[in-house]
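Trainee: So here's upload_5.json (JSON, C-alpha atoms and all ligand atoms).
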[["chain", "number", "residue", "atom", "x", "y", "z"],
["A", 200, "LYS", "CA", 0.00, 0.00, 0.00],
["A", 201, "ASN", "CA", 3.00, 2.36, 0.14],
["A", 202, "ASN", "CA", 2.82, 2.50, -3.65],
["A", 203, "PRO", "CA", 2.29, 6.23, -4.48],
["A", 204, "LEU", "CA", -0.19, 5.18, -7.17],
["A", 205, "TYR", "CA", -2.34, 3.55, -4.50],
["A", 206, "GLN", "CA", -2.23, 6.76, -2.45],
["A", 207, "LEU", "CA", -3.27, 8.63, -5.59],
["A", 208, "ALA", "CA", -6.10, 6.17, -6.28],
["A", 209, "GLU", "CA", -7.44, 6.84, -2.79],
["A", 210, "TRP", "CA", -7.19, 10.62, -3.29],
["A", 211, "ILE", "CA", -9.07, 10.33, -6.61],
["A", 212, "SER", "CA", -11.77, 8.21, -4.93],
["A", 213, "SER", "CA", -12.36, 10.66, -2.13],
["A", 214, "SER", "CA", -11.99, 13.92, -4.07],
["A", 215, "LYS", "CA", -15.20, 15.67, -5.11],
["A", 216, "HIS", "CA", -13.53, 17.98, -7.66],
["A", 217, "THR", "CA", -10.53, 16.56, -9.49],
["A", 218, "VAL", "CA", -9.09, 18.39, -12.50],
["A", 219, "VAL", "CA", -6.36, 17.39, -14.93],
["A", 220, "LEU", "CA", -3.75, 19.56, -16.68],
["A", 221, "SER", "CA", -2.33, 17.65, -19.65],
["A", 222, "GLY", "CA", 0.54, 18.40, -22.01],
["A", 223, "ALA", "CA", 2.29, 16.94, -25.03],
["A", 224, "GLY", "CA", 3.42, 13.90, -23.01],
["A", 225, "MET", "CA", -0.22, 12.82, -23.09],
["A", 226, "SER", "CA", -0.01, 12.25, -26.88],
["A", 227, "THR", "CA", 3.51, 10.92, -27.56],
["A", 228, "GLU", "CA", 2.25, 7.34, -27.20],
["A", 229, "SER", "CA", -0.20, 8.14, -30.00],
["A", 230, "GLY", "CA", 2.80, 8.99, -32.19],
["A", 231, "LEU", "CA", 2.76, 12.82, -31.84],
["A", 232, "PRO", "CA", 6.17, 14.22, -30.82],
["A", 233, "ASP", "CA", 6.30, 16.46, -27.77],
["A", 234, "PHE", "CA", 8.28, 19.69, -27.67],
["A", 235, "ARG", "CA", 11.13, 19.53, -25.16],
["A", 236, "SER", "CA", 12.06, 15.85, -24.90],
["A", 237, "ARG", "CA", 15.05, 14.36, -26.70],
["A", 238, "ASP", "CA", 13.11, 13.95, -29.97],
["A", 239, "GLY", "CA", 10.69, 16.83, -29.35],
["A", 240, "TRP", "CA", 9.83, 19.54, -31.88],
["A", 241, "TRP", "CA", 11.94, 22.23, -30.27],
["A", 242, "ARG", "CA", 15.05, 20.06, -30.45],
["A", 243, "ASN", "CA", 15.47, 20.85, -34.13],
["A", 244, "MET", "CA", 13.23, 23.86, -34.73],
["A", 245, "ASP", "CA", 13.23, 27.22, -33.04],
["A", 246, "PRO", "CA", 9.66, 27.62, -31.69],
["A", 247, "HIS", "CA", 9.98, 31.39, -31.75],
["A", 248, "LYS", "CA", 10.63, 31.19, -35.51],
["A", 249, "VAL", "CA", 7.99, 28.70, -36.56],
["A", 250, "ALA", "CA", 5.26, 28.78, -33.88],
["A", 251, "ASN", "CA", 5.36, 32.53, -33.40],
["A", 252, "VAL", "CA", 2.75, 35.02, -34.52],
["A", 253, "THR", "CA", 5.43, 37.00, -36.41],
["A", 254, "ALA", "CA", 6.15, 33.93, -38.57],
["A", 255, "ILE", "CA", 2.78, 34.41, -40.31],
["A", 256, "GLU", "CA", 3.93, 37.76, -41.70],
["A", 257, "GLU", "CA", 7.66, 37.10, -42.04],
["A", 258, "ASN", "CA", 7.85, 33.49, -43.17],
["A", 259, "TYR", "CA", 4.41, 32.14, -44.03],
["A", 260, "GLU", "CA", 5.93, 29.29, -46.07],
["A", 261, "LEU", "CA", 7.76, 27.91, -42.98],
["A", 262, "PHE", "CA", 4.78, 28.53, -40.68],
["A", 263, "TRP", "CA", 2.34, 26.89, -43.13],
["A", 264, "GLY", "CA", 4.62, 23.88, -43.72],
["A", 265, "PHE", "CA", 5.00, 23.25, -39.97],
["A", 266, "TYR", "CA", 1.28, 23.35, -39.24],
["A", 267, "LYS", "CA", 0.33, 21.46, -42.42],
["A", 268, "TYR", "CA", 2.59, 18.62, -41.28],
["A", 269, "ARG", "CA", 1.23, 18.70, -37.72],
["A", 270, "ILE", "CA", -2.40, 18.67, -38.95],
["A", 271, "GLU", "CA", -1.64, 15.68, -41.17],
["A", 272, "THR", "CA", -0.02, 13.71, -38.33],
["A", 273, "VAL", "CA", -2.88, 14.55, -35.93],
["A", 274, "GLU", "CA", -5.29, 13.22, -38.57],
["A", 275, "GLN", "CA", -3.12, 10.13, -39.21],
["A", 276, "TYR", "CA", -2.85, 8.99, -35.55],
["A", 277, "SER", "CA", -5.47, 8.59, -32.82],
["A", 278, "PRO", "CA", -5.95, 8.75, -29.06],
["A", 279, "HIS", "CA", -4.31, 5.94, -27.05],
["A", 280, "ILE", "CA", -5.48, 3.97, -24.01],
["A", 281, "GLY", "CA", -4.51, 6.84, -21.68],
["A", 282, "HIS", "CA", -6.95, 9.22, -23.41],
["A", 283, "HIS", "CA", -9.71, 6.60, -23.25],
["A", 284, "ILE", "CA", -9.11, 5.99, -19.55],
["A", 285, "LEU", "CA", -9.53, 9.72, -18.80],
["A", 286, "ALA", "CA", -12.79, 9.67, -20.80],
["A", 287, "LYS", "CA", -14.00, 6.74, -18.68],
["A", 288, "TRP", "CA", -13.04, 8.59, -15.48],
["A", 289, "GLU", "CA", -15.08, 11.64, -16.52],
["A", 290, "LYS", "CA", -18.05, 9.39, -17.31],
["A", 291, "ASN", "CA", -17.71, 7.74, -13.88],
["A", 292, "GLY", "CA", -17.44, 11.14, -12.20],
["A", 293, "TRP", "CA", -13.90, 10.34, -11.00],
["A", 294, "ILE", "CA", -12.54, 13.50, -12.64],
["A", 295, "HIS", "CA", -14.41, 16.73, -13.32],
["A", 296, "GLY", "CA", -12.56, 17.89, -16.43],
["A", 297, "ILE", "CA", -9.31, 18.33, -18.31],
["A", 298, "SER", "CA", -7.59, 21.57, -19.26],
["A", 299, "THR", "CA", -5.09, 20.67, -21.93],
["A", 300, "GLN", "CA", -2.19, 22.50, -23.54],
["A", 301, "ASN", "CA", -2.44, 20.12, -26.48],
["A", 302, "VAL", "CA", -3.94, 21.26, -29.77],
["A", 303, "ASP", "CA", -4.52, 17.75, -31.15],
["A", 304, "GLY", "CA", -8.10, 17.48, -29.87],
["A", 305, "TYR", "CA", -7.48, 13.87, -28.78],
["A", 306, "HIS", "CA", -9.24, 14.23, -25.40],
["A", 307, "VAL", "CA", -12.43, 15.23, -27.25],
["A", 308, "VAL", "CA", -12.03, 12.43, -29.81],
["A", 309, "ALA", "CA", -11.59, 9.96, -26.91],
["A", 310, "GLY", "CA", -14.93, 11.11, -25.44],
["A", 311, "ASN", "CA", -14.23, 13.71, -22.74],
["A", 312, "HIS", "CA", -16.81, 16.53, -22.67],
["A", 313, "ASN", "CA", -15.48, 18.85, -19.94],
["A", 314, "ILE", "CA", -12.45, 20.06, -21.84],
["A", 315, "VAL", "CA", -10.64, 23.42, -21.86],
["A", 316, "GLU", "CA", -8.25, 23.76, -24.81],
["A", 317, "LEU", "CA", -5.86, 26.36, -23.37],
["A", 318, "HIS", "CA", -3.81, 26.60, -26.59],
["A", 319, "GLY", "CA", -6.66, 26.05, -29.03],
["A", 320, "ASN", "CA", -7.21, 23.31, -31.57],
["A", 321, "ILE", "CA", -5.11, 22.74, -34.67],
["A", 322, "ARG", "CA", -8.04, 21.38, -36.71],
["A", 323, "SER", "CA", -9.95, 24.67, -36.68],
["A", 324, "ILE", "CA", -8.75, 27.40, -39.05],
["A", 325, "ARG", "CA", -9.30, 31.17, -39.22],
["A", 326, "CYS", "CA", -8.16, 34.13, -41.28],
["A", 327, "HIS", "CA", -5.30, 35.90, -39.48],
["A", 328, "TYR", "CA", -6.61, 39.32, -40.60],
["A", 329, "CYS", "CA", -10.42, 39.29, -40.43],
["A", 330, "GLY", "CA", -10.89, 36.25, -38.17],
["A", 331, "ARG", "CA", -13.37, 34.60, -40.53],
["A", 332, "SER", "CA", -13.34, 30.84, -39.90],
["A", 333, "SER", "CA", -12.26, 28.61, -42.73],
["A", 334, "ASP", "CA", -11.85, 24.86, -43.07],
["A", 335, "VAL", "CA", -8.78, 22.64, -42.83],
["A", 336, "ALA", "CA", -8.91, 21.76, -46.55],
["A", 337, "ASP", "CA", -8.51, 25.44, -47.52],
["A", 338, "PHE", "CA", -5.51, 25.74, -45.19],
["A", 339, "LEU", "CA", -3.92, 22.51, -46.46],
["A", 340, "ASN", "CA", -4.48, 23.71, -50.06],
["A", 341, "ARG", "CA", -2.63, 26.92, -49.20],
["A", 342, "LEU", "CA", -5.65, 29.16, -50.01],
["A", 343, "ASN", "CA", -6.10, 32.66, -48.64],
["A", 344, "CYS", "CA", -9.17, 33.99, -46.83],
["A", 345, "SER", "CA", -12.14, 33.94, -49.19],
["A", 346, "SER", "CA", -13.38, 37.32, -48.03],
["A", 347, "CYS", "CA", -10.28, 39.46, -47.39],
["A", 348, "GLN", "CA", -7.50, 37.41, -49.03],
["A", 349, "GLY", "CA", -5.62, 37.37, -45.70],
["A", 350, "PRO", "CA", -3.42, 34.40, -44.64],
["A", 351, "LEU", "CA", -5.14, 31.42, -43.01],
["A", 352, "ARG", "CA", -3.85, 29.94, -39.70],
["A", 353, "PRO", "CA", -4.89, 27.27, -37.19],
["A", 354, "ASN", "CA", -6.76, 28.41, -34.07],
["A", 355, "VAL", "CA", -3.77, 27.65, -31.83],
["A", 356, "VAL", "CA", -2.14, 30.04, -29.36],
["A", 357, "LEU", "CA", 1.16, 31.01, -30.93],
["A", 358, "PHE", "CA", 4.17, 32.32, -29.01],
["A", 359, "GLY", "CA", 3.47, 35.96, -28.28],
["A", 360, "GLU", "CA", -0.32, 35.55, -28.33],
["A", 361, "MET", "CA", -2.71, 35.67, -25.42],
["A", 362, "LEU", "CA", -4.73, 32.60, -24.45],
["A", 363, "PRO", "CA", -8.44, 32.66, -25.32],
["A", 364, "ASP", "CA", -10.08, 34.56, -22.43],
["A", 365, "ASN", "CA", -12.88, 32.07, -21.90],
["A", 366, "ALA", "CA", -10.44, 29.14, -21.83],
["A", 367, "TRP", "CA", -8.19, 30.81, -19.28],
["A", 368, "ASN", "CA", -11.12, 31.93, -17.08],
["A", 369, "GLN", "CA", -12.74, 28.48, -17.14],
["A", 370, "ALA", "CA", -9.48, 26.75, -16.23],
["A", 371, "PHE", "CA", -8.83, 29.36, -13.51],
["A", 372, "GLN", "CA", -12.22, 28.55, -11.89],
["A", 373, "TRP", "CA", -11.68, 24.79, -12.10],
["A", 374, "PHE", "CA", -8.22, 24.85, -10.53],
["A", 375, "HIS", "CA", -9.26, 27.33, -7.86],
["A", 376, "ARG", "CA", -12.08, 24.98, -6.79],
["A", 377, "ALA", "CA", -10.16, 21.72, -7.25],
["A", 378, "GLU", "CA", -9.61, 19.37, -4.31],
["A", 379, "LEU", "CA", -7.15, 17.35, -6.39],
["A", 380, "VAL", "CA", -5.02, 18.35, -9.41],
["A", 381, "LEU", "CA", -3.36, 15.79, -11.69],
["A", 382, "VAL", "CA", -0.62, 17.24, -13.94],
["A", 383, "ILE", "CA", 0.08, 14.73, -16.72],
["A", 384, "GLY", "CA", 2.77, 14.79, -19.41],
["A", 385, "THR", "CA", 3.91, 18.38, -19.33],
["A", 386, "SER", "CA", 7.24, 20.04, -18.54],
["A", 387, "LEU", "CA", 5.36, 23.07, -17.11],
["A", 388, "GLN", "CA", 7.72, 25.40, -18.99],
["A", 389, "VAL", "CA", 5.09, 27.66, -20.50],
["A", 390, "ALA", "CA", 3.00, 30.36, -18.89],
["A", 391, "PRO", "CA", 0.27, 30.84, -17.98],
["A", 392, "ALA", "CA", -0.74, 27.13, -18.12],
["A", 393, "ASN", "CA", 2.04, 26.32, -15.66],
["A", 394, "GLN", "CA", 0.46, 28.66, -13.11],
["A", 395, "LEU", "CA", -2.75, 26.65, -12.85],
["A", 396, "PRO", "CA", -1.55, 24.00, -10.32],
["A", 397, "CYS", "CA", -0.63, 26.77, -7.84],
["A", 398, "LEU", "CA", -4.27, 27.84, -7.68],
["A", 399, "THR", "CA", -5.59, 24.84, -5.78],
["A", 400, "SER", "CA", -5.55, 24.46, -1.99],
["A", 401, "GLY", "CA", -5.98, 20.71, -2.47],
["A", 402, "HIS", "CA", -3.49, 17.96, -3.32],
["A", 403, "THR", "CA", -1.28, 18.28, -6.41],
["A", 404, "VAL", "CA", 0.21, 15.32, -8.28],
["A", 405, "TYR", "CA", 2.84, 15.43, -11.09],
["A", 406, "MET", "CA", 2.92, 12.42, -13.44],
["A", 407, "ASN", "CA", 5.66, 12.55, -16.06],
["A", 408, "MET", "CA", 8.44, 10.55, -17.73],
["A", 409, "GLU", "CA", 11.11, 13.09, -16.79],
["A", 410, "MET", "CA", 11.29, 14.67, -13.35],
["A", 411, "PRO", "CA", 12.53, 18.30, -13.58],
["A", 412, "GLU", "CA", 15.00, 19.24, -10.80],
["A", 413, "GLU", "CA", 13.00, 22.14, -9.41],
["A", 414, "LEU", "CA", 9.24, 22.18, -9.79],
["A", 415, "ASP", "CA", 7.34, 25.22, -8.63],
["A", 416, "PRO", "CA", 4.96, 24.68, -6.97],
["A", 417, "SER", "CA", 6.24, 21.67, -5.11],
["A", 418, "PHE", "CA", 3.86, 18.77, -5.62],
["A", 419, "ASP", "CA", 2.40, 16.49, -2.95],
["A", 420, "LEU", "CA", 3.16, 13.45, -5.13],
["A", 421, "MET", "CA", 5.59, 13.10, -8.04],
["A", 422, "ILE", "CA", 5.15, 9.88, -10.02],
["A", 423, "LYS", "CA", 7.70, 9.10, -12.74],
["A", 424, "GLY", "CA", 6.58, 6.91, -15.61],
["A", 425, "LYS", "CA", 4.85, 6.66, -18.98],
["A", 426, "VAL", "CA", 1.36, 8.12, -19.15],
["A", 427, "GLY", "CA", -0.27, 5.05, -20.72],
["A", 428, "GLN", "CA", 1.21, 2.71, -18.13],
["A", 429, "LEU", "CA", 0.50, 4.93, -15.10],
["A", 430, "LEU", "CA", -3.11, 5.58, -16.10],
["A", 431, "ALA", "CA", -3.74, 1.87, -16.82],
["A", 432, "GLU", "CA", -2.39, 0.88, -13.37],
["A", 433, "LEU", "CA", -4.39, 3.63, -11.67],
["A", 434, "ASP", "CA", -7.52, 2.60, -13.56],
["A", 435, "GLU", "CA", -7.20, -0.97, -12.28],
["A", 436, "MET", "CA", -6.86, 0.27, -8.69],
["A", 437, "LEU", "CA", -9.87, 2.58, -9.07],
["A", 438, "ASP", "CA", -12.00, -0.26, -10.43],
["A", 439, "TYR", "CA", -10.94, -2.40, -7.46],
["A", 440, "ILE", "CA", -11.68, 0.36, -4.92],
["A", 441, "HIS", "CA", -15.09, 1.07, -6.46],
["A", 442, "SER", "CA", -16.04, -2.60, -6.79],
["A", 443, "GLY", "CA", -15.27, -3.06, -3.07],
["A", 444, "LYS", "CA", -17.63, -0.22, -2.10],
["B", 501, "LIG", "P1", 4.89, 33.21, -22.34],
["B", 501, "LIG", "O1", 5.31, 32.34, -21.24],
["B", 501, "LIG", "O2", 5.75, 34.34, -22.75],
["B", 501, "LIG", "O3", 3.40, 33.79, -22.06],
["B", 501, "LIG", "C1", 2.31, 33.00, -22.38],
["B", 501, "LIG", "C2", 1.24, 33.88, -23.00],
["B", 501, "LIG", "O4", 0.17, 33.96, -22.08],
["B", 501, "LIG", "C3", 1.71, 35.29, -23.30],
["B", 501, "LIG", "O5", 1.13, 35.73, -24.51],
["B", 501, "LIG", "C4", 1.20, 36.09, -22.10],
["B", 501, "LIG", "O6", 0.76, 37.36, -22.47],
["B", 501, "LIG", "C5", -0.02, 35.29, -21.68],
["B", 501, "LIG", "N1", -0.16, 35.26, -20.21],
["B", 501, "LIG", "C6", 0.83, 35.17, -19.31],
["B", 501, "LIG", "N2", 0.31, 35.17, -18.07],
["B", 501, "LIG", "C7", -1.05, 35.24, -18.23],
["B", 501, "LIG", "C8", -2.14, 35.27, -17.33],
["B", 501, "LIG", "N3", -1.96, 35.21, -16.00],
["B", 501, "LIG", "N4", -3.39, 35.33, -17.83],
["B", 501, "LIG", "C9", -3.58, 35.37, -19.18],
["B", 501, "LIG", "N5", -2.59, 35.35, -20.08],
["B", 501, "LIG", "C10", -1.35, 35.30, -19.59],
["B", 501, "LIG", "O7", 4.70, 32.24, -23.56],
["B", 501, "LIG", "P2", 4.91, 32.66, -25.04],
["B", 501, "LIG", "O8", 6.31, 32.30, -25.42],
["B", 501, "LIG", "O9", 4.43, 34.06, -25.27],
["B", 501, "LIG", "O10", 3.88, 31.65, -25.71],
["B", 501, "LIG", "C11", 2.53, 32.10, -25.72],
["B", 501, "LIG", "C12", 1.65, 30.91, -25.75],
["B", 501, "LIG", "O11", 1.77, 30.26, -27.02],
["B", 501, "LIG", "C13", 2.04, 29.89, -24.70],
["B", 501, "LIG", "O12", 0.87, 29.54, -23.99],
["B", 501, "LIG", "C14", 2.53, 28.72, -25.52],
["B", 501, "LIG", "O13", 2.22, 27.51, -24.90],
["B", 501, "LIG", "C15", 1.73, 28.88, -26.77],
["B", 501, "LIG", "N6", 2.36, 28.16, -27.88],
["B", 501, "LIG", "C16", 1.57, 27.35, -28.62],
["B", 501, "LIG", "C17", 2.16, 26.66, -29.66],
["B", 501, "LIG", "C18", 1.33, 25.74, -30.48],
["B", 501, "LIG", "O14", 1.78, 25.26, -31.50],
["B", 501, "LIG", "N7", 0.11, 25.49, -30.00],
["B", 501, "LIG", "C19", 3.51, 26.78, -29.97],
["B", 501, "LIG", "C20", 4.24, 27.63, -29.18],
["B", 501, "LIG", "C21", 3.66, 28.33, -28.13],
["B", 502, "LIG", "N1", 4.73, 9.55, -20.57],
["B", 502, "LIG", "C1", 5.02, 10.45, -19.60],
["B", 502, "LIG", "N2", 5.66, 11.63, -19.85],
["B", 502, "LIG", "C2", 5.99, 11.88, -21.13],
["B", 502, "LIG", "C3", 5.71, 11.00, -22.20],
["B", 502, "LIG", "C4", 5.05, 9.77, -21.87],
["B", 502, "LIG", "N3", 4.73, 8.86, -22.80],
["B", 502, "LIG", "N4", 6.19, 11.54, -23.36],
["B", 502, "LIG", "C5", 6.73, 12.73, -23.02],
["B", 502, "LIG", "N5", 6.63, 12.93, -21.69],
["B", 502, "LIG", "C6", 7.03, 14.11, -20.92],
["B", 502, "LIG", "C7", 8.37, 14.67, -21.32],
["B", 502, "LIG", "O1", 9.37, 14.11, -20.51],
["B", 502, "LIG", "C8", 8.18, 16.17, -21.05],
["B", 502, "LIG", "O2", 8.62, 16.50, -19.74],
["B", 502, "LIG", "O3", 6.07, 15.11, -21.20],
["B", 502, "LIG", "C9", 6.67, 16.38, -21.12],
["B", 502, "LIG", "C10", 6.26, 17.19, -22.35],
["B", 502, "LIG", "O4", 6.73, 18.50, -22.15],
["B", 502, "LIG", "P1", 6.85, 19.48, -23.41],
["B", 502, "LIG", "O5", 7.47, 18.76, -24.55],
["B", 502, "LIG", "O6", 7.48, 20.74, -22.89],
["B", 502, "LIG", "O7", 5.34, 19.76, -23.82],
["B", 502, "LIG", "P2", 4.33, 20.73, -23.05],
["B", 502, "LIG", "O8", 4.67, 20.84, -21.60],
["B", 502, "LIG", "O9", 2.97, 20.31, -23.40],
["B", 502, "LIG", "O10", 4.63, 22.18, -23.74],
["B", 502, "LIG", "C11", 3.76, 23.28, -23.35],
["B", 502, "LIG", "O11", 4.72, 24.66, -25.08],
["B", 502, "LIG", "O12", 5.45, 24.97, -27.25],
["B", 502, "LIG", "C12", 4.40, 25.13, -26.39],
["B", 502, "LIG", "O13", 2.18, 25.26, -27.04],
["B", 502, "LIG", "C13", 3.21, 24.36, -26.85],
["B", 502, "LIG", "O14", 1.46, 23.42, -25.54],
["B", 502, "LIG", "C14", 2.86, 23.45, -25.71],
["B", 502, "LIG", "C15", 3.52, 24.14, -24.54]]
Would you put the structure from the file into structure tokens?
Ligand code: NAD
Ligand code: APR

Mentor:
Amino acid sequence: KNNPLYQLAEWISSSKHTVVLSGAGMSTESGLPDFRSRDGWWRNMDPHKVANVTAIEENYELFWGFYKYRIETVEQYSPHIGHHILAKWEKNGWIHGISTQNVDGYHVVAGNHNIVELHGNIRSIRCHYCGRSSDVADFLNRLNCSSCQGPLRPNVVLFGEMLPDNAWNQAFQWFHRAELVLVIGTSLQVAPANQLPCLTSGHTVYMNMEMPEELDPSFDLMIKGKVGQLLAELDEMLDYIHSGK
């Protein structure tokens, strides 16, 4: 019983408001690279060149190529067991919702309904000038906005852009009210998403493959491992605890 996962399973069972903050580590087992690991995106591309709002004006070809490739990979792969487990937990009322930094939409595809997409969703497209929404096919075919001829871009939060107000406010409420916060598959390097865990007065748990030296805030539990594996083990314990009841 001194297994930290068992302690976590008990916290999940007794918490009345559990929220999740997920990052790119949630989707690497689906085949989508993360950003700051050994083979992450930012190992061989400068994010402030390609995923930056200035790239749209200064180097649209590079910006468009990067997001075209990411859209195609998101459409080629699919959610893995870890996403499906979190969808089951929401259905069972074991978690309240997920605020994700991911733009792949995989939590929604897996069946979660209470989702806050802090950095937007790569599959929805808008004109960078007039904001008119467009569809993925137009973006992939390199078309311009049909009403103002402006450049098209995915609805993702680029470096230098603010987060969507409603997303930030919703997440802020959830984390402020949370009795338990699970942080899954994120290096917590980017603001303001990395500020959310500090908001709760409840327990905080960090589940990740790499354990950063300093983590602010300090977490009540830090569990090292692969997301798919950790969630599968936790799911088994939760089923056992709830069958016993
Ligand atoms: P940053 O750490 O400099 O700041 C994050 C952004 O959030 C800034 O625009 C800042 O104005 C805003 N912000 C900071 N604190 C806030 C608060 N308390 N409430 C509301 N907004 C707040 O990060 P950055 O380098 O400017 O990157 C901006 C965002 O772009 C980050 O959230 C990053 O994750 C995101 N991003 C997305 C992609 C993608 O492909 N989806 C790629 C790169 C960056
Ligand atoms: N299991 C557990 N942890 C994993 C796994 C896995 N299968 N795969 C990767 N990880 C861990 C990595 O060790 C890393 O610490 O997930 C973390 C992913 O961190 P980042 O690559 O920094 O991704 P993320 O934290 O989501 O980045 C935040 O930065 O560029 C912006 O907008 C982008 O949303 C992104 C934001």

Trainee: Which residue gives the smallest distance to ligand LIG 501 (chain B) among A:Pro350, A:Gly401, A:Gly264, A:Pro246, with only C-alpha atoms and all ligand atoms counted?

Mentor: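 The answer is A:Pro246, which sits nearest to ligand LIG 501 (chain B).
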
Trainee: Enumerate as a PyMOL selection string the residues within 9 Å of ligand LIG 501 (chain B), counting all atoms listed in the file.

Mentor: chain A and resi 234+246-247+249-252+266+300-302+317-321+353-364+367-368+388-394

Trainee: I need the residues from that last selection saved to file as a short mmCIF file (atom, residue, chain, number, x, y, z; two decimals), in the frame of the given file (with C-alpha atoms), if you can.

Mentor:
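What follows is the written file again-v9.cif:
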data_model
loop_
_atom_site.label_atom_id
_atom_site.label_comp_id
_atom_site.auth_asym_id
_atom_site.auth_seq_id
_atom_site.Cartn_x
_atom_site.Cartn_y
_atom_site.Cartn_z
CA PHE A 234 8.28 19.69 -27.67
CA PRO A 246 9.66 27.62 -31.69
CA HIS A 247 9.98 31.39 -31.75
CA VAL A 249 7.99 28.70 -36.56
CA ALA A 250 5.26 28.78 -33.88
CA ASN A 251 5.36 32.53 -33.40
CA VAL A 252 2.75 35.02 -34.52
CA TYR A 266 1.28 23.35 -39.24
CA GLN A 300 -2.19 22.50 -23.54
CA ASN A 301 -2.44 20.12 -26.48
CA VAL A 302 -3.94 21.26 -29.77
CA LEU A 317 -5.86 26.36 -23.37
CA HIS A 318 -3.81 26.60 -26.59
CA GLY A 319 -6.66 26.05 -29.03
CA ASN A 320 -7.21 23.31 -31.57
CA ILE A 321 -5.11 22.74 -34.67
CA PRO A 353 -4.89 27.27 -37.19
CA ASN A 354 -6.76 28.41 -34.07
CA VAL A 355 -3.77 27.65 -31.83
CA VAL A 356 -2.14 30.04 -29.36
CA LEU A 357 1.16 31.01 -30.93
CA PHE A 358 4.17 32.32 -29.01
CA GLY A 359 3.47 35.96 -28.28
CA GLU A 360 -0.32 35.55 -28.33
CA MET A 361 -2.71 35.67 -25.42
CA LEU A 362 -4.73 32.60 -24.45
CA PRO A 363 -8.44 32.66 -25.32
CA ASP A 364 -10.08 34.56 -22.43
CA TRP A 367 -8.19 30.81 -19.28
CA ASN A 368 -11.12 31.93 -17.08
CA GLN A 388 7.72 25.40 -18.99
CA VAL A 389 5.09 27.66 -20.50
CA ALA A 390 3.00 30.36 -18.89
CA PRO A 391 0.27 30.84 -17.98
CA ALA A 392 -0.74 27.13 -18.12
CA ASN A 393 2.04 26.32 -15.66
CA GLN A 394 0.46 28.66 -13.11
#

Trainee: Tell me, in Å to one decimal, how far atom CA of Gln206 of chain A is from atom O5 of ligand LIG 502 (chain B).

Mentor: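 Pair atom CA of Gln206 of chain A / atom O5 of ligand LIG 502 (chain B) returns 27.0 Å.
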
Trainee: Just the residues within 9 Å of segment 273-281 of chain A, please, counting all atoms listed in the file, with nothing from its chain fewer than 5 positions along; format it as a ChimeraX atom specification.

Mentor: /A:225-226,228-231,268,286,303-306,308-309,321-322,426-431

Trainee: Could those residues be written to a file, using C-alpha atoms, as a tab-separated table (two decimals), in the frame of the given file?

Mentor:
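Contents of part_38.tsv, as written:
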chain	number	residue	atom	x	y	z
A	225	MET	CA	-0.22	12.82	-23.09
A	226	SER	CA	-0.01	12.25	-26.88
A	228	GLU	CA	2.25	7.34	-27.20
A	229	SER	CA	-0.20	8.14	-30.00
A	230	GLY	CA	2.80	8.99	-32.19
A	231	LEU	CA	2.76	12.82	-31.84
A	268	TYR	CA	2.59	18.62	-41.28
A	286	ALA	CA	-12.79	9.67	-20.80
A	303	ASP	CA	-4.52	17.75	-31.15
A	304	GLY	CA	-8.10	17.48	-29.87
A	305	TYR	CA	-7.48	13.87	-28.78
A	306	HIS	CA	-9.24	14.23	-25.40
A	308	VAL	CA	-12.03	12.43	-29.81
A	309	ALA	CA	-11.59	9.96	-26.91
A	321	ILE	CA	-5.11	22.74	-34.67
A	322	ARG	CA	-8.04	21.38	-36.71
A	426	VAL	CA	1.36	8.12	-19.15
A	427	GLY	CA	-0.27	5.05	-20.72
A	428	GLN	CA	1.21	2.71	-18.13
A	429	LEU	CA	0.50	4.93	-15.10
A	430	LEU	CA	-3.11	5.58	-16.10
A	431	ALA	CA	-3.74	1.87	-16.82

Trainee: For the atom pair atom CA of Ile314 of chain A and atom CA of Lys425 of chain A, what is the interatomic distance in Å to one decimal place?

Mentor: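 Between these atoms lies a distance of 22.1 Å.
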
Trainee: In terms of the shortest atom-to-atom distance over only C-alpha atoms and all ligand atoms, which of A:Ser346, A:Ser386, A:Asn365, A:Thr403 is closest to ligand LIG 502 (chain B)?

Mentor: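 Using only C-alpha atoms and all ligand atoms, ligand LIG 502 (chain B) sits closest to A:Ser386.
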
Trainee: Using N, CA and C atoms, give me segment 235-241 of chain A from the structure I just pasted, as a CSV table (one decimal), in the first residue's frame.

Mentor:
chain,number,residue,atom,x,y,z
A,235,ARG,N,9.8,19.3,-25.8
A,235,ARG,CA,11.1,19.5,-25.2
A,235,ARG,C,11.9,18.2,-24.8
A,236,SER,N,11.3,17.1,-25.2
A,236,SER,CA,12.1,15.9,-24.9
A,236,SER,C,13.2,15.7,-25.9
A,237,ARG,N,13.9,14.6,-25.8
A,237,ARG,CA,15.0,14.4,-26.7
A,237,ARG,C,14.6,14.5,-28.2
A,238,ASP,N,13.5,13.9,-28.5
A,238,ASP,CA,13.1,14.0,-30.0
A,238,ASP,C,11.9,14.9,-30.1
A,239,GLY,N,11.8,15.9,-29.3
A,239,GLY,CA,10.7,16.8,-29.4
A,239,GLY,C,10.9,17.9,-30.5
A,240,TRP,N,9.8,18.5,-30.8
A,240,TRP,CA,9.8,19.5,-31.9
A,240,TRP,C,10.9,20.6,-31.7
A,241,TRP,N,11.0,21.1,-30.5
A,241,TRP,CA,11.9,22.2,-30.3
A,241,TRP,C,13.4,21.8,-30.2
